[in-house]
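Everything below belongs to entry_26.cif, which stores mmCIF, C-alpha atoms.
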data_data
#
loop_
_atom_site.label_atom_id
_atom_site.label_comp_id
_atom_site.auth_asym_id
_atom_site.auth_seq_id
_atom_site.Cartn_x
_atom_site.Cartn_y
_atom_site.Cartn_z
CA MET A 1 0.00 0.00 0.00
CA ALA A 2 1.21 3.48 -0.85
CA HIS A 3 2.32 5.66 2.03
CA SER A 4 2.81 9.10 0.54
CA LYS A 5 0.17 11.41 -0.93
CA GLN A 6 2.01 11.41 -4.25
CA ALA A 7 2.07 7.60 -4.41
CA ARG A 8 -1.68 7.42 -3.69
CA LYS A 9 -2.37 9.90 -6.48
CA ARG A 10 -0.12 7.93 -8.81
CA ILE A 11 -2.18 4.78 -8.10
CA ARG A 12 -5.41 6.64 -8.89
CA THR A 13 -4.14 8.07 -12.15
CA SER A 14 -2.65 4.72 -13.18
CA ASP A 15 -6.00 3.04 -12.66
CA GLN A 16 -7.77 5.69 -14.74
CA GLN A 17 -5.22 5.33 -17.54
CA ARG A 18 -5.48 1.54 -17.44
CA VAL A 19 -9.25 1.73 -17.95
CA MET A 20 -8.89 4.21 -20.84
CA ASN A 21 -6.14 2.17 -22.50
CA LYS A 22 -8.23 -0.98 -22.20
CA SER A 23 -11.17 0.77 -23.85
CA ARG A 24 -9.03 2.07 -26.71
CA MET A 25 -7.41 -1.31 -27.27
CA SER A 26 -10.81 -2.99 -27.27
CA ARG A 27 -12.06 -0.55 -29.93
CA LEU A 28 -8.98 -1.24 -32.05
CA LYS A 29 -9.49 -4.99 -31.87
CA THR A 30 -13.20 -4.65 -32.67
CA GLU A 31 -12.52 -2.56 -35.77
CA VAL A 32 -9.88 -4.99 -37.02
CA LYS A 33 -12.28 -7.92 -36.47
CA LYS A 34 -15.00 -6.11 -38.46
CA LEU A 35 -12.58 -5.59 -41.32
CA MET A 36 -11.37 -9.18 -41.29
CA ALA A 37 -14.97 -10.43 -41.23
CA ALA A 38 -15.70 -8.34 -44.34
CA VAL A 39 -12.57 -9.75 -46.00
CA GLU A 40 -13.56 -13.35 -45.20
CA THR A 41 -17.07 -12.88 -46.56
CA GLY A 42 -15.63 -11.38 -49.73
CA ASP A 43 -17.37 -8.01 -49.42
CA LYS A 44 -14.69 -5.83 -51.01
CA GLY A 45 -16.82 -2.67 -50.96
CA LYS A 46 -17.39 -2.86 -47.23
CA ALA A 47 -13.75 -3.80 -46.58
CA THR A 48 -12.42 -0.81 -48.53
CA GLU A 49 -14.91 1.40 -46.71
CA ILE A 50 -13.75 0.21 -43.27
CA LEU A 51 -10.01 0.22 -44.07
CA PRO A 52 -9.38 3.98 -43.47
CA LEU A 53 -11.20 3.79 -40.14
CA VAL A 54 -9.09 0.82 -39.05
CA CYS A 55 -5.85 2.53 -40.09
CA SER A 56 -6.92 5.62 -38.18
CA CYS A 57 -7.61 3.57 -35.03
CA ILE A 58 -4.23 1.89 -35.33
CA ASP A 59 -2.45 5.24 -35.77
CA LYS A 60 -4.26 6.73 -32.77
CA ALA A 61 -3.33 3.75 -30.60
CA ALA A 62 0.32 4.15 -31.59
CA LYS A 63 0.24 7.90 -30.98
CA GLN A 64 -1.20 7.35 -27.50
CA ASN A 65 1.46 4.70 -26.74
CA ILE A 66 -1.09 1.93 -26.38
CA ILE A 67 0.79 -0.10 -28.97
CA HIS A 68 4.34 0.33 -30.22
CA ALA A 69 4.96 2.15 -33.50
CA HIS A 70 6.40 -0.98 -35.12
CA ASN A 71 3.39 -2.98 -33.95
CA ALA A 72 1.12 -0.35 -35.53
CA SER A 73 3.04 -0.52 -38.79
CA ARG A 74 2.81 -4.29 -38.87
CA ARG A 75 -0.94 -4.27 -38.15
CA LYS A 76 -1.60 -1.69 -40.85
CA GLY A 77 0.39 -3.77 -43.33
CA GLN A 78 -1.58 -6.88 -42.45
CA VAL A 79 -4.97 -5.25 -42.92
CA MET A 80 -3.94 -3.50 -46.13
CA ARG A 81 -2.56 -6.75 -47.53
CA ALA A 82 -5.76 -8.57 -46.60
CA VAL A 83 -7.93 -6.02 -48.40
CA SER A 84 -5.69 -5.73 -51.46
CA SER A 85 -5.55 -9.51 -51.90
CA MET A 86 -9.33 -9.69 -52.29
CA LYS A 87 -10.69 -10.48 -55.74
#

Kindly present the structure from the file in structure tokens form.
Amino acid sequence: MAHSKQARKRIRTSDQQRVMNKSRMSRLKTEVKKLMAAVETGDKGKATEILPLVCSCIDKAAKQNIIHAHNASRRKGQVMRAVSSMK
């Protein structure tokens, strides 16, 4: 248990940040799953429509240090490759 006032505040802010980061990461995963579902069903129109939104979510997560920049780059490459490989 924290003893100083500063340590108690740090625990509070860490908990708030953890909740926000979890929410943002959950949104990112949801958007990627929507895109991959559209790719698997073969709906190219819907997939190309969702792609900019997914890339935006990935970039925001990287900017907010929720995921690493290299991780973001890799994820964007995966989703772009999935959409571009559709017939």

- [ ] Measuring atom to atom with only C-alpha atoms, identify which of A:Ala38, A:Lys46, A:Asp59, A:Gln64 is nearest to Gln17 of chain A.
- [x] A:Gln64

- [ ] Taking the file above as input, evaluate the PyMOL selection byres ((chain A and resi 36) around 12) and report the hits as a list in words.
- [x] Lys29, Thr30, Glu31, Val32, Lys33, Lys34, Leu35, Ala37, Ala38, Val39, Glu40, Thr41, Gly42, Asp43, Lys44, Lys46, Ala47, Thr48, Ile50, Leu51, Val54, Arg75, Gln78, Val79, Met80, Arg81, Ala82, Val83 and Met86 of chain A

- [ ] Could you jot down the atom CA of Ser84 of chain A to atom CA of Ala69 of chain A separation for me, Å, one decimal place?
- [x] 22.3 Å

Task: Of the listed residues A:Cys55, A:Met1, A:Arg8, A:Ala61, that which approaches Ser26 of chain A most closely, counting only C-alpha atoms - done: A:Ala61

Open item on the list: One decimal, in Å: what's the spacing between atom CA of Ile66 of chain A and atom CA of Asn21 of chain A?
Closed with: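 If I compute the distance from atom CA of Ile66 of chain A to atom CA of Asn21 of chain A, I get 6.4 Å.
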
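The residue that comes closest to Lys22 of chain A, out of A:Leu53, A:Ala2, A:Ala72, A:Ile67 and on the basis of only C-alpha atoms, is A:Ile67.
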
TODO: Quote the spacing between atom CA of Arg27 of chain A and atom CA of Ile58 of chain A in Å to one decimal place.
DONE: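 That distance, rounded to one decimal, is 9.8 Å.
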